[in-house]
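One structure is given below, encoded as structure tokens.
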Amino acid sequence: MANQETDEVSIVDLIPALRAFARTFCRVPDDADDLVQETLTKGLANIDKFEPGTRMKSWLFTIMRNTYYTHIKAADREKPGLLDCASLIPISEATQEWSVQSKEVHSAVQKLPEHQREVLMLIGVLGVSYEETAEICGCAVGTVKSRLNRARAGVLEYLGESSLQTLVERRDHLSEAQGNFAVDRRR
């Protein structure tokens with residue numbers, strides 16, 4: 001019983017990581033939350049199949065990934081409607097430069113092929129190792145490294161940048177320009 005309680009606590013501790021991983025699959029936050037909930041339900045229902053000594057995080061990520069792809073196959077058969085519905089567009093856009101850059105990066109990541117986006121989020125955002133990512137994605141470590149490299153290059157290409165350094169320099173330049181504009185307006 002104590003071991004089962006420990007498993008439940010570690011599952012609860014993994015909810016933020018599961019939510020972040022779900023956002024790589026689902027653009028709509030409510031859909032991502034539904035995916036997390038279904039993953040947790042399946043994980044708890046099958047906790048007896050979890051192998052002690054393995055990582056609970058990898059096990060749950062694999063359940064989530066499989067659940068998502070199962071939903072995709074069903075959705076392809078049903079064709080319920082458009083994902084980019086006009087009702088999902090925010091009423092007013094934020095004007096802060098960081099918000100604009102964040103949206104640009106998010107848009108660039110969303111344009112990546114799903115397998116590249118998945119690897120980028122697992123390694124770059126969630127800090128999962130190459131080996132664990134390979135296990136979760138069901139491919140070789142070399143394939144994970146290749147997908148990550150292509151994902152990084154793709155994001156830079158979609159942002160119109162030649163390297164990460166030029167992206168950082170552009171951001172710094174824009175911040176300085178905004179600071180100068182604020183000073184000029186006070187005069």
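If you're wondering about the labels, chains in the structure tokens are A, B, ... by order shown, residues count from 1 in each chain, ligands from 1 in order shown.
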With only C-alpha atoms as the counted atoms, please give the residues lying no more than 8 Å from A:His115, apart from itself and same-chain residues fewer than 3 positions off, as a VMD selection string. chain A and resid 118 to 119 147
I want to know what sits within 9 Å of A:Thr133, based on only C-alpha atoms, with residues of the same chain fewer than 5 positions away left out; could you give that as a PyMOL selection string? chain A and resi 58+119+122-123+128+138-139+141+144
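Between A:Met121 and the residues A:Thr24, A:Ser102, A:Ser107, A:Asn66, the shortest atom-to-atom distance, using only C-alpha atoms, involves A:Thr24.
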With distances taken over only C-alpha atoms, which residue among A:Leu18, A:Val105, A:Val100, A:Tyr158 lies nearest A:Ile63?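 That would be A:Leu18, the residue with the smallest distance to A:Ile63.
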